[in-house]
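Report on one structure; see the data block that follows.
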Amino acid sequence: MIARRRGKGYAPVVVTIELYGVPRMRAGRDEVAVEAGCLGDALAALGRECPVLAPSVVDGHHLHPCYVVAINGIQFTADAEHPLRDGDAIVLLAADAGG
Amino acid sequence: MRGGFFGEYLRVDLGSGEAIRVALDPAIARRFVGGVGLGAWLLHQETPRGFDPLGAEAAVIFAFGPLLGTPLTTSAKYALVAKSPLTGRIGDALSSSRFAVMAKRMGVDAIVLTGCAARPSVLLLDEDGASLEAAGDLWGHGLPVSGAAEVLATRFPRYAFALIGSAGEHLVRYAGVTNEGRHAGRGGLGAVLGAKRLKAIGVRGDRRVPLADAAKTIALSKALAKRSLGPATEKYRELGTVGNLAAFNRLAALPTRNFQESTFEGAADVSGEILHATRRKGRGSCVNCTIGCEHFFEVAPGEAPVKAEYENVFALGPLCGIRDPEVVLRASRSCDELGLDTISSGGTIAFAMECAERGLFDGTVFEADARGLRFGDGARLLALLDDIAFRRGALGDLLAEGSRSAAARLGPPAPDFAPHVKGLEIPGYEPRALQSMALGFSVGSRGADHNRSGAYEADFSGKVDRFNVSADSARSAIATEDRAAVLDSLILCKFLRGTLVDFFGESAEMLAAVTGFDCDAGELRRAAERIVVLKRLFNEREGWTAAEDTLPERFFTQSLTKGSADGAVISRAGLARSIAAYYEARGLRADGTVPAETLSANQLDSL
């Protein structure tokens, strides 16, 4: 279910943040489950859960410009207000895909 | 010219051994910047229309950028430019480090090699001239590249060398050129040297590169070095490009089993994260580079570690259905030691694996060699690399020609799934899942190429629909082509691009400080456009038609079936529209050729 707007926020749902590359190495974890209503809340929760990622990867409710997220591996967005659905996977990876 | 250039290039006739210094018009140097731009211009000048890339009249050009020899980080690079024997179109490849610095410090802005040596040779160049030495036992004995480099360093200790491996000697059409463990890999330029019977070129120079404004150059160098250690390059420093693999797999953009799929069930086994966790052995960098993107991994206990990057792991791993990291690292080392381009090697072998599984070798002269070949067979992958490099057996000889040529020999339906554009095998960005990149691949002057077009950036940005190619894709393709043209001509490493906020303005500031040119962002933007058009013009001269600006049939007719790319396929009409938009924005005719007004606007009338 999509999180319902509650005042200025959204009702929290359970989502998974998948970590790739440097964030994974730094956090020592592949993924982190958080409760959040929107992307910004999820990122803030990630920062609290993995302080080693703040502020180089997440800074409060925002993502560092060197990183991007793709909701369920499909929709790239940096919009902190992006509403989340229960069970969403937030794929977090480096913005620079040069190989 | 007050700095950055010496105002001369060296032309060496390998037939006579004669070397002459040729004046370089300052206006030409400024117009084409250096590196790839200068090399492409020299290629136009030094070759006749329709020449054989493996013939004596072929020219191969080592071109240096104005920033080479300055303290600017990542500037120790050279461009190798020639007509590719793999594509028949322009081939330009970059490599780095001490060879580049020593070569320019002979007091030249480029080295042009023409003719053909009478016997296998080593060319030695310094400020006093040129000498051709017999290659002797360096040629024809199957020495690994690292072994040959050691022999050269012992025999000629005052020189820095670039050399070819056995693949170049045997004219494998995707043989590379190596210096100090780094490779000008793409397009088969090692075969061009092999055809000239040139095993190695040694350079020795100690002239200081003049700086127009030394204080400003040093200040800019310090600032750039500091920024190069910031967050924009963290991925390259901490993990290297191998970090792409797991993420691309999650995004269903990882080419797998010859582009039959875009997710690989064994991706976790060969991901950058697992390689670092289990096999990391050290890190390195080119001369005068503060980033240090090179990461070395253990193959097996007691063996020398191997440098691995995303492209070689993708091409020799998932593309061939191989998930054993030891096999992938061994294959990577084999390519380095044989002098083979890893992307084309993996692409061509993956193509052969699919042909074998589909029975396309049955009843042919290749049947015996191909019997039992299948995806995931690491032993056969390793054996085939040797067979290709030495053109051993019917299959090795066939695959040494590249996937396009092999497909043409086998006949339908093989050309539909031969993984190339213009003959150059496709790197590790699945076109159906990254459709701006699909356009970038299609229109690329050297073929399918992630280093001359970075249109994948748009696909990964959310600003375009990555599953549908569009007119926006044309803008992305052009913007990243232009940026690459400048970086490849200055020359600076592309891994710096994220550190430059005002790319053209900051690049112009560096160029002005080094050369004394009163240049600005606008001049560099125009130079980028000019260089891109120049390369297309060379291709047009050599027989290119718009029919080459496309992708293999597979991408239009076979949908992906897994992950977030499930159902993705490229619309033929959509790609055609985006190519038309690209041509129009580039000032090209509807058939992609260069009209007189675009030549004139780019100061290319003389060509």
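The chains in the structure tokens are called A, B, ... from first to last as shown; in each chain the residues are counted from 1, and the ligands are counted from 1 in the order shown.
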Give me, as a PyMOL selection string, the residues of chain B touching chain A, with the criterion being at most 10 Å (counting only C-alpha atoms). chain B and resi 231-252+271-274+276-277+309-312+427-429+433+450-451+454+456-457+459-467+494-495+497-498+563-565
Can you pull out every residue within 10 Å of Ala149 in chain B, counting only C-alpha atoms, but drop anything in the same chain fewer than 5 positions away, and send it as a ChimeraX atom specification? /B:138,143-144,154-155,160-165,178-181,200
As a PyMOL selection string, list the residues of range 399-556 of chain B assigned to alpha helix (DSSP H) by DSSP on the backbone atoms of this structure. chain B and resi 399+403-410+414-417+435-443+456-459+471-490+503-515+521-541+554-556
Give me, as a compact mmCIF listing (two decimals) with N, CA, C and O atoms, in the first residue's frame, all polymer residues having an atom no more than 6 Å from range 436-449 of chain B, counting only C-alpha atoms and skipping those fewer than 3 positions away in the same chain.
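What landed in around.txt:
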```txt
# COMPACT_ATOMS: atom_id res chain seq x y z
N ILE B 90 37.46 5.08 -37.74
CA ILE B 90 38.50 5.67 -36.89
C ILE B 90 38.61 4.89 -35.58
O ILE B 90 37.61 4.48 -34.99
N GLY B 91 39.84 4.66 -35.17
CA GLY B 91 40.08 4.01 -33.89
C GLY B 91 40.93 4.93 -33.04
O GLY B 91 41.99 5.38 -33.47
N VAL B 421 28.71 -2.79 -32.71
CA VAL B 421 28.27 -1.68 -33.55
C VAL B 421 29.49 -1.28 -34.38
O VAL B 421 30.57 -1.04 -33.83
N LYS B 422 29.34 -1.26 -35.67
CA LYS B 422 30.43 -0.95 -36.60
C LYS B 422 31.59 -1.93 -36.45
O LYS B 422 32.72 -1.60 -36.79
N LEU B 424 32.78 -3.02 -33.52
CA LEU B 424 33.36 -2.94 -32.17
C LEU B 424 32.38 -3.55 -31.16
O LEU B 424 31.22 -3.12 -31.08
N ILE B 426 30.23 -4.54 -27.99
CA ILE B 426 29.50 -3.63 -27.10
C ILE B 426 29.99 -3.79 -25.66
O ILE B 426 30.11 -4.91 -25.16
N PRO B 431 21.83 -2.21 -23.88
CA PRO B 431 21.13 -1.14 -24.62
C PRO B 431 19.63 -1.10 -24.37
O PRO B 431 19.03 -0.02 -24.36
N ARG B 452 33.47 7.23 -25.33
CA ARG B 452 33.29 8.39 -26.20
C ARG B 452 31.88 8.92 -26.09
O ARG B 452 31.60 10.02 -26.53
N SER B 453 30.96 8.11 -25.55
CA SER B 453 29.61 8.57 -25.24
C SER B 453 29.28 8.09 -23.83
O SER B 453 29.43 6.91 -23.54
N ALA B 455 26.16 8.56 -22.54
CA ALA B 455 24.72 8.82 -22.50
C ALA B 455 24.01 8.00 -21.42
O ALA B 455 22.88 8.31 -21.04
N TYR B 456 24.70 6.98 -20.92
CA TYR B 456 24.11 6.21 -19.81
C TYR B 456 23.85 7.10 -18.60
O TYR B 456 23.02 6.79 -17.76
N VAL B 469 13.86 5.09 -25.88
CA VAL B 469 14.74 6.07 -26.50
C VAL B 469 13.90 7.24 -27.02
O VAL B 469 12.77 7.05 -27.47
N SER B 473 17.22 11.73 -25.57
CA SER B 473 18.41 10.90 -25.63
C SER B 473 19.48 11.54 -26.52
O SER B 473 20.68 11.44 -26.25
N ALA B 477 23.26 12.29 -25.56
CA ALA B 477 24.37 11.70 -26.32
C ALA B 477 25.34 12.79 -26.76
O ALA B 477 26.56 12.65 -26.65
N ARG B 536 33.68 11.87 -37.63
CA ARG B 536 32.65 11.39 -38.55
C ARG B 536 33.09 11.60 -40.00
O ARG B 536 32.82 10.78 -40.87
N ASP B 549 24.95 3.24 -38.40
CA ASP B 549 24.53 3.85 -37.14
C ASP B 549 23.29 3.13 -36.62
O ASP B 549 22.16 3.65 -36.67
N THR B 550 23.50 1.95 -36.13
CA THR B 550 22.38 1.14 -35.65
C THR B 550 22.90 0.11 -34.66
O THR B 550 24.05 0.16 -34.24
N LEU B 551 22.03 -0.79 -34.27
CA LEU B 551 22.36 -1.84 -33.31
C LEU B 551 22.08 -3.20 -33.94
O LEU B 551 21.33 -3.29 -34.93
```
Please list as a JSON list (two decimals) with all heavy atoms, in the first residue's frame every residue within 6 Å of Thr16 in chain A, counting only C-alpha atoms and excluding residues in the same chain fewer than 2 positions away.
```
[["chain", "number", "residue", "atom", "x", "y", "z"],
["A", 32, "VAL", "N", 19.08, -2.44, 4.51],
["A", 32, "VAL", "CA", 18.59, -1.96, 5.80],
["A", 32, "VAL", "C", 17.09, -1.78, 5.68],
["A", 32, "VAL", "O", 16.60, -1.14, 4.74],
["A", 32, "VAL", "CB", 19.24, -0.59, 6.15],
["A", 32, "VAL", "CG1", 18.69, -0.07, 7.47],
["A", 32, "VAL", "CG2", 20.76, -0.73, 6.21],
["A", 33, "ALA", "N", 16.32, -2.36, 6.59],
["A", 33, "ALA", "CA", 14.87, -2.18, 6.59],
["A", 33, "ALA", "C", 14.52, -1.00, 7.50],
["A", 33, "ALA", "O", 15.04, -0.90, 8.62],
["A", 33, "ALA", "CB", 14.18, -3.44, 7.07],
["A", 89, "ALA", "N", 11.55, -1.36, -2.53],
["A", 89, "ALA", "CA", 13.00, -1.49, -2.39],
["A", 89, "ALA", "C", 13.63, -0.19, -2.92],
["A", 89, "ALA", "O", 13.35, 0.21, -4.05],
["A", 89, "ALA", "CB", 13.52, -2.67, -3.18]]
```
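Excluding Glu523 in chain B itself and same-chain residues fewer than 4 positions from it, the residues having an atom within 12 Å of it are B:Arg30, B:Arg31, B:Phe32, B:Val33, B:Val486, B:Phe504, B:Gly505, B:Ser507, B:Ala508, B:Glu509, B:Leu511, B:Ala512, B:Phe517, B:Asp518, B:Cys519, B:Ala527, B:Ala528, B:Glu529, B:Arg530, B:Asn602, counting only C-alpha atoms.
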Compile the contact shell of Ala27 in chain A as number ranges by chain: residues with an atom at most 8 Å away, counting only C-alpha atoms, same-chain residues fewer than 5 positions apart removed. A: 50, 52-53
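The list of residues with at least one atom within 8 Å of Leu319 in chain B, based on only C-alpha atoms and without residues fewer than 4 positions apart in the same chain, reads Pro255, Thr256, Arg257, Asn258, Phe259, Phe314, Ala315, Gly346, Gly347 and Ala350 of chain B.
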Expected answer as JSON, numbers by chain: strand (DSSP E) residues in range 231-423 of chain B: {"B": [280, 281, 282, 283, 284, 294, 295, 296, 297, 306, 307, 420, 421]}
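CA of Phe99 in chain B is found 26.9 Å from CA of Leu524 in chain B.
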Report the closest atom pair, with its distance in Å rounded to one decimal, for each residue of range 83-144 of chain B that has an atom no farther than 9 Å from range 206-227 of chain B; count only C-alpha atoms, sort by chain and then rising residue number, and write it as CSV.
```
residue,atom,partner,partner_atom,distance
B:Val101,CA,B:Asp206,CA,9.0
B:Met102,CA,B:Asp206,CA,6.9
B:Lys104,CA,B:Val209,CA,8.0
B:Arg105,CA,B:Arg207,CA,4.7
B:Met106,CA,B:Arg207,CA,6.1
B:Gly107,CA,B:Arg207,CA,6.1
B:Glu127,CA,B:Asp206,CA,8.8
```
